file target-v4.cif (mmCIF, N, CA and C atoms)
data_coords
loop_
_atom_site.label_atom_id
_atom_site.label_comp_id
_atom_site.auth_asym_id
_atom_site.auth_seq_id
_atom_site.Cartn_x
_atom_site.Cartn_y
_atom_site.Cartn_z
N MET P 613 0.84 -1.18 0.00
CA MET P 613 0.00 0.00 0.00
C MET P 613 0.88 1.24 0.00
N LEU P 614 0.61 2.16 -0.90
CA LEU P 614 1.37 3.40 -0.98
C LEU P 614 0.99 4.34 0.15
N LYS P 615 1.99 4.99 0.71
CA LYS P 615 1.74 5.95 1.79
C LYS P 615 2.40 7.27 1.42
N ASN P 616 1.74 8.35 1.77
CA ASN P 616 2.25 9.67 1.51
C ASN P 616 1.59 10.59 2.52
N LYS P 617 2.40 11.33 3.28
CA LYS P 617 1.84 12.21 4.30
C LYS P 617 0.90 13.26 3.73
N ASN P 618 1.12 13.65 2.49
CA ASN P 618 0.29 14.67 1.88
C ASN P 618 -1.09 14.13 1.50
N ARG P 619 -1.27 12.82 1.56
CA ARG P 619 -2.56 12.21 1.25
C ARG P 619 -3.29 11.75 2.52
N GLY P 620 -2.89 12.26 3.63
CA GLY P 620 -3.51 11.89 4.90
C GLY P 620 -4.99 12.23 4.98
N TYR P 621 -5.44 13.19 4.18
CA TYR P 621 -6.86 13.54 4.16
C TYR P 621 -7.73 12.34 3.82
N GLN P 622 -7.16 11.37 3.08
CA GLN P 622 -7.93 10.20 2.68
C GLN P 622 -8.32 9.34 3.89
N GLN P 623 -7.64 9.54 5.00
CA GLN P 623 -7.96 8.81 6.22
C GLN P 623 -9.06 9.50 7.03
N LEU P 624 -9.37 10.74 6.67
CA LEU P 624 -10.39 11.49 7.40
C LEU P 624 -11.79 10.96 7.07
N ARG P 625 -12.55 10.67 8.10
CA ARG P 625 -13.92 10.18 7.91
C ARG P 625 -14.74 11.21 7.12
N VAL P 626 -14.51 12.48 7.40
CA VAL P 626 -15.27 13.53 6.75
C VAL P 626 -14.98 13.57 5.24
N TRP P 627 -13.74 13.30 4.84
CA TRP P 627 -13.41 13.25 3.41
C TRP P 627 -14.10 12.04 2.77
N GLN P 628 -14.06 10.90 3.46
CA GLN P 628 -14.71 9.69 2.94
C GLN P 628 -16.22 9.90 2.79
N ASP P 629 -16.83 10.56 3.77
CA ASP P 629 -18.26 10.87 3.68
C ASP P 629 -18.55 11.82 2.53
N ALA P 630 -17.65 12.77 2.29
CA ALA P 630 -17.84 13.73 1.20
C ALA P 630 -17.78 13.02 -0.15
N VAL P 631 -16.88 12.06 -0.30
CA VAL P 631 -16.80 11.28 -1.54
C VAL P 631 -18.08 10.46 -1.71
N GLU P 632 -18.57 9.88 -0.63
CA GLU P 632 -19.82 9.10 -0.69
C GLU P 632 -21.00 10.02 -1.05
N PHE P 633 -21.01 11.22 -0.51
CA PHE P 633 -22.06 12.19 -0.82
C PHE P 633 -22.06 12.51 -2.32
N TYR P 634 -20.88 12.71 -2.87
CA TYR P 634 -20.76 12.97 -4.30
C TYR P 634 -21.28 11.77 -5.10
N LYS P 635 -20.91 10.57 -4.69
CA LYS P 635 -21.34 9.35 -5.38
C LYS P 635 -22.87 9.24 -5.39
N LEU P 636 -23.50 9.51 -4.24
CA LEU P 636 -24.96 9.44 -4.18
C LEU P 636 -25.60 10.51 -5.05
N ASN P 637 -25.01 11.70 -5.08
CA ASN P 637 -25.51 12.76 -5.94
C ASN P 637 -25.44 12.33 -7.41
N CYS P 638 -24.34 11.69 -7.79
CA CYS P 638 -24.19 11.20 -9.17
C CYS P 638 -25.31 10.22 -9.52
N GLN P 639 -25.62 9.32 -8.59
CA GLN P 639 -26.66 8.33 -8.84
C GLN P 639 -28.03 8.98 -9.05
N VAL P 640 -28.31 10.03 -8.28
CA VAL P 640 -29.60 10.70 -8.37
C VAL P 640 -29.69 11.60 -9.60
N PHE P 641 -28.66 12.41 -9.81
CA PHE P 641 -28.76 13.45 -10.83
C PHE P 641 -28.42 13.00 -12.25
N ARG P 642 -27.82 11.84 -12.40
CA ARG P 642 -27.56 11.36 -13.77
C ARG P 642 -28.87 10.96 -14.46
N LYS P 643 -29.93 10.79 -13.68
CA LYS P 643 -31.23 10.41 -14.24
C LYS P 643 -32.06 11.62 -14.66
N PHE P 644 -31.57 12.82 -14.40
CA PHE P 644 -32.33 14.02 -14.75
C PHE P 644 -32.51 14.11 -16.26
N PRO P 645 -33.68 14.58 -16.71
CA PRO P 645 -33.90 14.72 -18.16
C PRO P 645 -33.02 15.81 -18.77
N TYR P 646 -32.90 15.79 -20.05
CA TYR P 646 -32.01 16.72 -20.77
C TYR P 646 -32.28 18.18 -20.42
N GLU P 647 -33.54 18.56 -20.33
CA GLU P 647 -33.85 19.97 -20.07
C GLU P 647 -33.43 20.42 -18.67
N LEU P 648 -33.08 19.49 -17.81
CA LEU P 648 -32.61 19.83 -16.46
C LEU P 648 -31.13 19.51 -16.26
N LYS P 649 -30.40 19.28 -17.34
CA LYS P 649 -28.98 18.93 -17.24
C LYS P 649 -28.16 20.03 -16.56
N ARG P 650 -28.50 21.30 -16.80
CA ARG P 650 -27.77 22.39 -16.15
C ARG P 650 -27.97 22.35 -14.64
N VAL P 651 -29.19 22.06 -14.22
CA VAL P 651 -29.49 21.93 -12.79
C VAL P 651 -28.72 20.75 -12.20
N ALA P 652 -28.75 19.62 -12.91
CA ALA P 652 -28.03 18.43 -12.44
C ALA P 652 -26.54 18.70 -12.39
N SER P 653 -26.03 19.39 -13.38
CA SER P 653 -24.59 19.70 -13.43
C SER P 653 -24.19 20.57 -12.23
N GLN P 654 -25.01 21.54 -11.88
CA GLN P 654 -24.70 22.40 -10.73
C GLN P 654 -24.77 21.61 -9.42
N ALA P 655 -25.73 20.70 -9.31
CA ALA P 655 -25.84 19.87 -8.11
C ALA P 655 -24.60 19.00 -7.95
N LEU P 656 -24.13 18.44 -9.06
CA LEU P 656 -22.92 17.61 -9.02
C LEU P 656 -21.69 18.45 -8.71
N ALA P 657 -21.61 19.64 -9.29
CA ALA P 657 -20.45 20.49 -9.06
C ALA P 657 -20.34 20.90 -7.59
N SER P 658 -21.45 21.26 -6.97
CA SER P 658 -21.38 21.68 -5.56
C SER P 658 -21.03 20.50 -4.65
N SER P 659 -21.55 19.31 -4.96
CA SER P 659 -21.21 18.14 -4.13
C SER P 659 -19.77 17.69 -4.37
N ASP P 660 -19.28 17.85 -5.59
CA ASP P 660 -17.90 17.50 -5.92
C ASP P 660 -16.92 18.44 -5.22
N SER P 661 -17.30 19.67 -5.07
CA SER P 661 -16.44 20.68 -4.46
C SER P 661 -16.11 20.38 -3.00
N ILE P 662 -16.97 19.66 -2.32
CA ILE P 662 -16.79 19.42 -0.88
C ILE P 662 -15.53 18.60 -0.62
N HIS P 663 -15.44 17.42 -1.19
CA HIS P 663 -14.27 16.57 -0.93
C HIS P 663 -12.99 17.20 -1.48
N ARG P 664 -13.11 17.92 -2.60
CA ARG P 664 -11.93 18.56 -3.18
C ARG P 664 -11.38 19.65 -2.26
N ASN P 665 -12.24 20.42 -1.64
CA ASN P 665 -11.78 21.48 -0.75
C ASN P 665 -11.21 20.93 0.55
N ILE P 666 -11.74 19.83 1.04
CA ILE P 666 -11.16 19.18 2.22
C ILE P 666 -9.72 18.76 1.89
N ALA P 667 -9.54 18.12 0.74
CA ALA P 667 -8.21 17.66 0.33
C ALA P 667 -7.26 18.82 0.09
N GLU P 668 -7.72 19.85 -0.63
CA GLU P 668 -6.83 20.96 -0.94
C GLU P 668 -6.38 21.69 0.32
N GLY P 669 -7.31 21.90 1.24
CA GLY P 669 -6.94 22.56 2.49
C GLY P 669 -5.94 21.76 3.28
N TYR P 670 -6.13 20.46 3.35
CA TYR P 670 -5.21 19.58 4.06
C TYR P 670 -3.82 19.67 3.45
N CYS P 671 -3.76 19.64 2.12
CA CYS P 671 -2.48 19.63 1.43
C CYS P 671 -1.75 20.96 1.49
N ARG P 672 -2.44 22.02 1.82
CA ARG P 672 -1.80 23.33 1.93
C ARG P 672 -0.90 23.40 3.17
N ARG P 673 -1.19 22.60 4.17
CA ARG P 673 -0.40 22.45 5.40
C ARG P 673 -0.40 23.67 6.31
N SER P 674 -0.99 24.74 5.91
CA SER P 674 -1.12 25.91 6.77
C SER P 674 -2.48 25.82 7.45
N ILE P 675 -2.51 25.96 8.76
CA ILE P 675 -3.79 25.82 9.46
C ILE P 675 -4.77 26.90 9.02
N ARG P 676 -4.26 28.09 8.73
CA ARG P 676 -5.14 29.18 8.28
C ARG P 676 -5.79 28.80 6.95
N GLU P 677 -4.99 28.30 6.02
CA GLU P 677 -5.54 27.90 4.72
C GLU P 677 -6.43 26.67 4.83
N TYR P 678 -6.06 25.72 5.68
CA TYR P 678 -6.87 24.53 5.89
C TYR P 678 -8.26 24.93 6.38
N LEU P 679 -8.31 25.79 7.38
CA LEU P 679 -9.60 26.26 7.89
C LEU P 679 -10.39 26.99 6.81
N ASN P 680 -9.72 27.78 6.00
CA ASN P 680 -10.39 28.49 4.92
C ASN P 680 -11.04 27.51 3.94
N PHE P 681 -10.30 26.48 3.54
CA PHE P 681 -10.84 25.51 2.59
C PHE P 681 -11.95 24.66 3.21
N LEU P 682 -11.86 24.38 4.51
CA LEU P 682 -12.95 23.66 5.17
C LEU P 682 -14.21 24.51 5.20
N ASN P 683 -14.05 25.82 5.38
CA ASN P 683 -15.21 26.71 5.33
C ASN P 683 -15.80 26.80 3.92
N ILE P 684 -14.96 26.74 2.92
CA ILE P 684 -15.46 26.69 1.53
C ILE P 684 -16.23 25.38 1.32
N ALA P 685 -15.71 24.28 1.86
CA ALA P 685 -16.41 23.00 1.76
C ALA P 685 -17.78 23.08 2.43
N LEU P 686 -17.84 23.73 3.59
CA LEU P 686 -19.12 23.92 4.27
C LEU P 686 -20.08 24.75 3.42
N GLY P 687 -19.55 25.76 2.73
CA GLY P 687 -20.38 26.57 1.84
C GLY P 687 -20.93 25.75 0.68
N SER P 688 -20.09 24.91 0.11
CA SER P 688 -20.54 24.04 -0.98
C SER P 688 -21.59 23.05 -0.49
N LEU P 689 -21.41 22.57 0.71
CA LEU P 689 -22.40 21.66 1.29
C LEU P 689 -23.73 22.39 1.49
N GLY P 690 -23.67 23.62 1.97
CA GLY P 690 -24.89 24.41 2.13
C GLY P 690 -25.60 24.61 0.80
N GLU P 691 -24.83 24.87 -0.25
CA GLU P 691 -25.38 25.02 -1.59
C GLU P 691 -26.06 23.72 -2.02
N SER P 692 -25.42 22.60 -1.75
CA SER P 692 -25.99 21.30 -2.11
C SER P 692 -27.30 21.03 -1.38
N VAL P 693 -27.30 21.28 -0.08
CA VAL P 693 -28.49 21.01 0.73
C VAL P 693 -29.65 21.93 0.31
N SER P 694 -29.36 23.18 0.03
CA SER P 694 -30.39 24.09 -0.44
C SER P 694 -31.02 23.55 -1.72
N GLY P 695 -30.17 23.08 -2.62
CA GLY P 695 -30.67 22.50 -3.86
C GLY P 695 -31.53 21.27 -3.61
N LEU P 696 -31.11 20.42 -2.69
CA LEU P 696 -31.89 19.21 -2.38
C LEU P 696 -33.31 19.56 -1.95
N HIS P 697 -33.43 20.57 -1.11
CA HIS P 697 -34.77 20.99 -0.66
C HIS P 697 -35.60 21.49 -1.84
N ALA P 698 -35.00 22.30 -2.70
CA ALA P 698 -35.72 22.82 -3.86
C ALA P 698 -36.12 21.70 -4.82
N TYR P 699 -35.23 20.74 -5.04
CA TYR P 699 -35.53 19.64 -5.95
C TYR P 699 -36.64 18.76 -5.39
N ARG P 700 -36.65 18.55 -4.09
CA ARG P 700 -37.71 17.75 -3.48
C ARG P 700 -39.04 18.47 -3.57
N ILE P 701 -39.05 19.76 -3.21
CA ILE P 701 -40.30 20.54 -3.24
C ILE P 701 -40.87 20.61 -4.66
N SER P 702 -39.99 20.71 -5.65
CA SER P 702 -40.45 20.80 -7.04
C SER P 702 -40.76 19.43 -7.66
N GLY P 703 -40.55 18.36 -6.89
CA GLY P 703 -40.85 17.01 -7.39
C GLY P 703 -39.80 16.46 -8.33
N GLN P 704 -38.61 17.07 -8.35
CA GLN P 704 -37.55 16.59 -9.24
C GLN P 704 -36.78 15.40 -8.65
N ILE P 705 -36.81 15.27 -7.35
CA ILE P 705 -36.25 14.08 -6.71
C ILE P 705 -37.31 13.53 -5.74
N SER P 706 -37.23 12.25 -5.49
CA SER P 706 -38.21 11.61 -4.61
C SER P 706 -37.89 11.90 -3.15
N ASP P 707 -38.88 11.65 -2.29
CA ASP P 707 -38.66 11.82 -0.85
C ASP P 707 -37.55 10.87 -0.37
N GLU P 708 -37.50 9.67 -0.94
CA GLU P 708 -36.48 8.69 -0.56
C GLU P 708 -35.08 9.19 -0.94
N GLU P 709 -34.95 9.73 -2.16
CA GLU P 709 -33.66 10.27 -2.60
C GLU P 709 -33.25 11.45 -1.73
N PHE P 710 -34.22 12.31 -1.45
CA PHE P 710 -33.93 13.47 -0.59
C PHE P 710 -33.44 13.01 0.78
N THR P 711 -34.14 12.06 1.37
CA THR P 711 -33.79 11.59 2.72
C THR P 711 -32.39 11.00 2.76
N SER P 712 -32.04 10.16 1.79
CA SER P 712 -30.71 9.54 1.83
C SER P 712 -29.62 10.59 1.66
N LEU P 713 -29.81 11.55 0.75
CA LEU P 713 -28.82 12.60 0.55
C LEU P 713 -28.77 13.57 1.73
N ASN P 714 -29.93 13.94 2.24
CA ASN P 714 -29.99 14.89 3.35
C ASN P 714 -29.39 14.30 4.62
N ASP P 715 -29.64 13.02 4.88
CA ASP P 715 -29.07 12.37 6.07
C ASP P 715 -27.55 12.35 6.01
N LEU P 716 -27.01 12.01 4.85
CA LEU P 716 -25.55 12.00 4.71
C LEU P 716 -25.00 13.42 4.78
N ALA P 717 -25.70 14.39 4.21
CA ALA P 717 -25.27 15.80 4.28
C ALA P 717 -25.23 16.27 5.72
N PHE P 718 -26.22 15.86 6.52
CA PHE P 718 -26.27 16.24 7.93
C PHE P 718 -25.05 15.67 8.68
N LYS P 719 -24.75 14.40 8.43
CA LYS P 719 -23.58 13.76 9.05
C LYS P 719 -22.30 14.47 8.61
N LEU P 720 -22.20 14.76 7.33
CA LEU P 720 -21.03 15.44 6.77
C LEU P 720 -20.86 16.83 7.37
N GLU P 721 -21.95 17.57 7.47
CA GLU P 721 -21.89 18.92 8.04
C GLU P 721 -21.41 18.88 9.48
N ASN P 722 -21.94 17.98 10.26
CA ASN P 722 -21.50 17.85 11.66
C ASN P 722 -20.03 17.47 11.74
N GLY P 723 -19.58 16.58 10.87
CA GLY P 723 -18.18 16.18 10.84
C GLY P 723 -17.27 17.34 10.47
N LEU P 724 -17.67 18.12 9.48
CA LEU P 724 -16.87 19.29 9.09
C LEU P 724 -16.81 20.31 10.23
N LEU P 725 -17.93 20.55 10.86
CA LEU P 725 -17.96 21.51 11.97
C LEU P 725 -17.07 21.05 13.13
N LYS P 726 -17.08 19.75 13.42
CA LYS P 726 -16.21 19.23 14.49
C LYS P 726 -14.74 19.34 14.10
N LEU P 727 -14.42 19.09 12.84
CA LEU P 727 -13.05 19.21 12.37
C LEU P 727 -12.58 20.66 12.47
N VAL P 728 -13.41 21.59 12.05
CA VAL P 728 -13.07 23.02 12.15
C VAL P 728 -12.84 23.40 13.60
N GLU P 729 -13.72 22.96 14.48
CA GLU P 729 -13.60 23.27 15.91
C GLU P 729 -12.29 22.71 16.48
N SER P 730 -11.96 21.48 16.10
CA SER P 730 -10.73 20.84 16.56
C SER P 730 -9.50 21.60 16.08
N LEU P 731 -9.50 21.99 14.80
CA LEU P 731 -8.36 22.72 14.25
C LEU P 731 -8.24 24.12 14.87
N GLU P 732 -9.36 24.75 15.13
CA GLU P 732 -9.30 26.07 15.78
C GLU P 732 -8.70 25.96 17.18
N ARG P 733 -9.01 24.85 17.89
CA ARG P 733 -8.40 24.62 19.21
C ARG P 733 -6.89 24.42 19.06
N LYS P 734 -6.48 23.63 18.07
CA LYS P 734 -5.05 23.40 17.84
C LYS P 734 -4.35 24.71 17.50
N LYS P 735 -5.00 25.53 16.73
CA LYS P 735 -4.44 26.83 16.35
C LYS P 735 -4.23 27.70 17.60
N LEU P 736 -5.22 27.73 18.47
CA LEU P 736 -5.13 28.53 19.70
C LEU P 736 -4.08 27.98 20.65
N ASP P 737 -3.99 26.65 20.73
CA ASP P 737 -3.03 26.01 21.64
C ASP P 737 -1.62 25.97 21.08
N GLY P 738 -1.46 26.28 19.79
CA GLY P 738 -0.14 26.23 19.15
C GLY P 738 0.33 24.82 18.89
N ASP P 739 -0.62 23.87 18.73
CA ASP P 739 -0.28 22.46 18.52
C ASP P 739 -0.18 22.07 17.05
N TRP P 740 -0.19 23.01 16.14
CA TRP P 740 -0.19 22.70 14.71
C TRP P 740 1.22 22.85 14.16
N ILE P 741 1.65 21.89 13.36
CA ILE P 741 2.96 21.95 12.70
C ILE P 741 2.70 22.13 11.21
N ASP P 742 3.22 23.23 10.63
CA ASP P 742 2.97 23.57 9.23
C ASP P 742 3.97 22.94 8.27
N SER P 743 4.54 21.81 8.61
CA SER P 743 5.57 21.26 7.75
C SER P 743 5.45 19.75 7.62
N LEU P 744 5.77 19.28 6.45
CA LEU P 744 5.83 17.83 6.21
C LEU P 744 7.26 17.33 6.29
N ILE P 745 8.21 18.21 6.58
CA ILE P 745 9.63 17.84 6.57
C ILE P 745 9.91 16.85 7.69
N VAL P 746 10.51 15.76 7.31
CA VAL P 746 10.92 14.75 8.28
C VAL P 746 12.45 14.72 8.24
N LYS P 747 13.06 14.92 9.38
CA LYS P 747 14.53 14.91 9.42
C LYS P 747 15.00 13.46 9.42
N GLU P 748 15.80 13.14 8.45
CA GLU P 748 16.33 11.80 8.30
C GLU P 748 17.85 11.86 8.39
N SER P 749 18.42 10.78 8.79
CA SER P 749 19.87 10.65 8.82
C SER P 749 20.37 10.50 7.39
N ASN P 750 21.50 11.14 7.08
CA ASN P 750 22.10 11.00 5.75
C ASN P 750 22.51 9.56 5.47
N GLU P 751 22.80 8.80 6.52
CA GLU P 751 23.24 7.42 6.33
C GLU P 751 22.17 6.58 5.65
N VAL P 752 20.93 6.86 5.92
CA VAL P 752 19.85 6.09 5.33
C VAL P 752 19.89 6.18 3.82
N TYR P 753 20.30 7.32 3.30
CA TYR P 753 20.32 7.53 1.87
C TYR P 753 21.70 7.35 1.26
N GLY P 754 22.64 6.93 2.05
CA GLY P 754 23.98 6.68 1.54
C GLY P 754 24.67 7.93 1.02
N ASP P 755 24.51 9.03 1.72
CA ASP P 755 25.14 10.30 1.31
C ASP P 755 26.65 10.09 1.25
N SER P 756 27.25 10.34 0.11
CA SER P 756 28.66 10.09 -0.11
C SER P 756 29.53 10.96 0.78
N ARG P 757 28.97 12.07 1.27
CA ARG P 757 29.77 12.95 2.13
C ARG P 757 30.05 12.31 3.49
N THR P 758 29.21 11.33 3.88
CA THR P 758 29.42 10.70 5.19
C THR P 758 30.03 9.33 5.07
N THR P 759 30.24 8.84 3.84
CA THR P 759 30.78 7.51 3.62
C THR P 759 32.30 7.58 3.54
N LYS P 760 32.97 6.71 4.31
CA LYS P 760 34.44 6.67 4.28
C LYS P 760 34.88 5.86 3.09
N MET P 761 35.94 6.31 2.44
CA MET P 761 36.50 5.62 1.27
C MET P 761 37.53 4.65 1.69
#
call {"tool": "encode", "arguments": {"input": "target-v4.cif", "output": "structure tokens"}}
result
Amino acid sequence: MLKNKNRGYQQLRVWQDAVEFYKLNCQVFRKFPYELKRVASQALASSDSIHRNIAEGYCRRSIREYLNFLNIALGSLGESVSGLHAYRISGQISDEEFTSLNDLAFKLENGLLKLVESLERKKLDGDWIDSLIVKESNEVYGDSRTTKM
């Protein structure tokens, strides 16, 4: 299994839920008729934005930027949920589709809010490290400057 510290976001439950939310949106909105493709496209774009912003913020490694991208993800989630209500009220999605998407959105929103709260605490406590640099011994890499001839 490949490991990379910059891909640690993939271990976050909230990122996994965001990917699942996008997948469920794809299942619902791919069935929209041609005349509603623009609406379906916007619904997919807002749900797709959530997991992407979680990942981008994580990879920026700055707590300030991470929090900013998590707030953008929350905004995209709000956009998605608003659309879900409108689509249900207009009869474009079923009550069952609405419920499954809305339930996952609720879980995702709570997860994002808890993550933001946790990071804000780390920021205040000074417990955040803005670097992926790992100090390694030159011997591990066979640095010729440390090797005796």
call {"tool": "residues_around", "arguments": {"input": "target-v4.cif", "residues": "Leu682 in chain P", "least_positions_apart": "4", "cutoff": "8 Å", "atoms": "all atoms listed in the file", "output": "PyMOL selection string"}}
result
chain P and resi 665-670+676-678+686-688+724-725+727-728
call {"tool": "residues_around", "arguments": {"input": "target-v4.cif", "residues": "range 705-709 of chain P", "least_positions_apart": "5", "cutoff": "10 Å", "atoms": "only C-alpha atoms", "output": "mmCIF file with N, CA and C atoms, in the frame of the given file"}}
result
data_model
loop_
_atom_site.group_PDB
_atom_site.id
_atom_site.type_symbol
_atom_site.label_atom_id
_atom_site.label_comp_id
_atom_site.auth_asym_id
_atom_site.auth_seq_id
_atom_site.Cartn_x
_atom_site.Cartn_y
_atom_site.Cartn_z
ATOM 1 N N LEU P 636 -23.500 9.510 -4.240
ATOM 2 C CA LEU P 636 -24.960 9.440 -4.180
ATOM 3 C C LEU P 636 -25.600 10.510 -5.050
ATOM 4 N N ASN P 637 -25.010 11.700 -5.080
ATOM 5 C CA ASN P 637 -25.510 12.760 -5.940
ATOM 6 C C ASN P 637 -25.440 12.330 -7.410
ATOM 7 N N GLN P 639 -25.620 9.320 -8.590
ATOM 8 C CA GLN P 639 -26.660 8.330 -8.840
ATOM 9 C C GLN P 639 -28.030 8.980 -9.050
ATOM 10 N N VAL P 640 -28.310 10.030 -8.280
ATOM 11 C CA VAL P 640 -29.600 10.700 -8.370
ATOM 12 C C VAL P 640 -29.690 11.600 -9.600
ATOM 13 N N PHE P 641 -28.660 12.410 -9.810
ATOM 14 C CA PHE P 641 -28.760 13.450 -10.830
ATOM 15 C C PHE P 641 -28.420 13.000 -12.250
ATOM 16 N N LYS P 643 -29.930 10.790 -13.680
ATOM 17 C CA LYS P 643 -31.230 10.410 -14.240
ATOM 18 C C LYS P 643 -32.060 11.620 -14.660
ATOM 19 N N PHE P 644 -31.570 12.820 -14.400
ATOM 20 C CA PHE P 644 -32.330 14.020 -14.750
ATOM 21 C C PHE P 644 -32.510 14.110 -16.260
ATOM 22 N N LEU P 696 -31.110 20.420 -2.690
ATOM 23 C CA LEU P 696 -31.890 19.210 -2.380
ATOM 24 C C LEU P 696 -33.310 19.560 -1.950
ATOM 25 N N HIS P 697 -33.430 20.570 -1.110
ATOM 26 C CA HIS P 697 -34.770 20.990 -0.660
ATOM 27 C C HIS P 697 -35.600 21.490 -1.840
ATOM 28 N N ALA P 698 -35.000 22.300 -2.700
ATOM 29 C CA ALA P 698 -35.720 22.820 -3.860
ATOM 30 C C ALA P 698 -36.120 21.700 -4.820
ATOM 31 N N TYR P 699 -35.230 20.740 -5.040
ATOM 32 C CA TYR P 699 -35.530 19.640 -5.950
ATOM 33 C C TYR P 699 -36.640 18.760 -5.390
ATOM 34 N N ARG P 700 -36.650 18.550 -4.090
ATOM 35 C CA ARG P 700 -37.710 17.750 -3.480
ATOM 36 C C ARG P 700 -39.040 18.470 -3.570
ATOM 37 N N ASN P 714 -29.930 13.940 2.240
ATOM 38 C CA ASN P 714 -29.990 14.890 3.350
ATOM 39 C C ASN P 714 -29.390 14.300 4.620
#
call {"tool": "resolve_selection", "arguments": {"input": "target-v4.cif", "expression": "the PyMOL selection byres (((chain P and resi 734-742 and name CA) around 6) and name CA)", "output": "number ranges by chain"}}
result
P: 673-674, 731-733, 743
call {"tool": "atom_distance", "arguments": {"input": "target-v4.cif", "atom1": "atom N of Arg625 in chain P", "atom2": "CA of Arg642 in chain P"}}
result
26.5 Å
call {"tool": "atom_distance", "arguments": {"input": "target-v4.cif", "atom1": "CA of Leu716 in chain P", "atom2": "CA of Tyr621 in chain P"}}
result
18.8 Å
call {"tool": "atom_distance", "arguments": {"input": "target-v4.cif", "atom1": "CA of Val626 in chain P", "atom2": "CA of Gln654 in chain P"}}
result
21.8 Å
call {"tool": "residues_around", "arguments": {"input": "target-v4.cif", "residues": "Ala717 in chain P", "least_positions_apart": "3", "cutoff": "8 Å", "atoms": "all atoms listed in the file", "output": "PyMOL selection string"}}
result
chain P and resi 629+633+689+692-693+711-714+720-723
call {"tool": "select_by_dssp", "arguments": {"input": "target-v4.cif", "residues": "range 614-731 of chain P", "states": "alpha helix (DSSP H)", "output": "number ranges by chain"}}
result
P: 625-641, 649-672, 675-701, 707-731
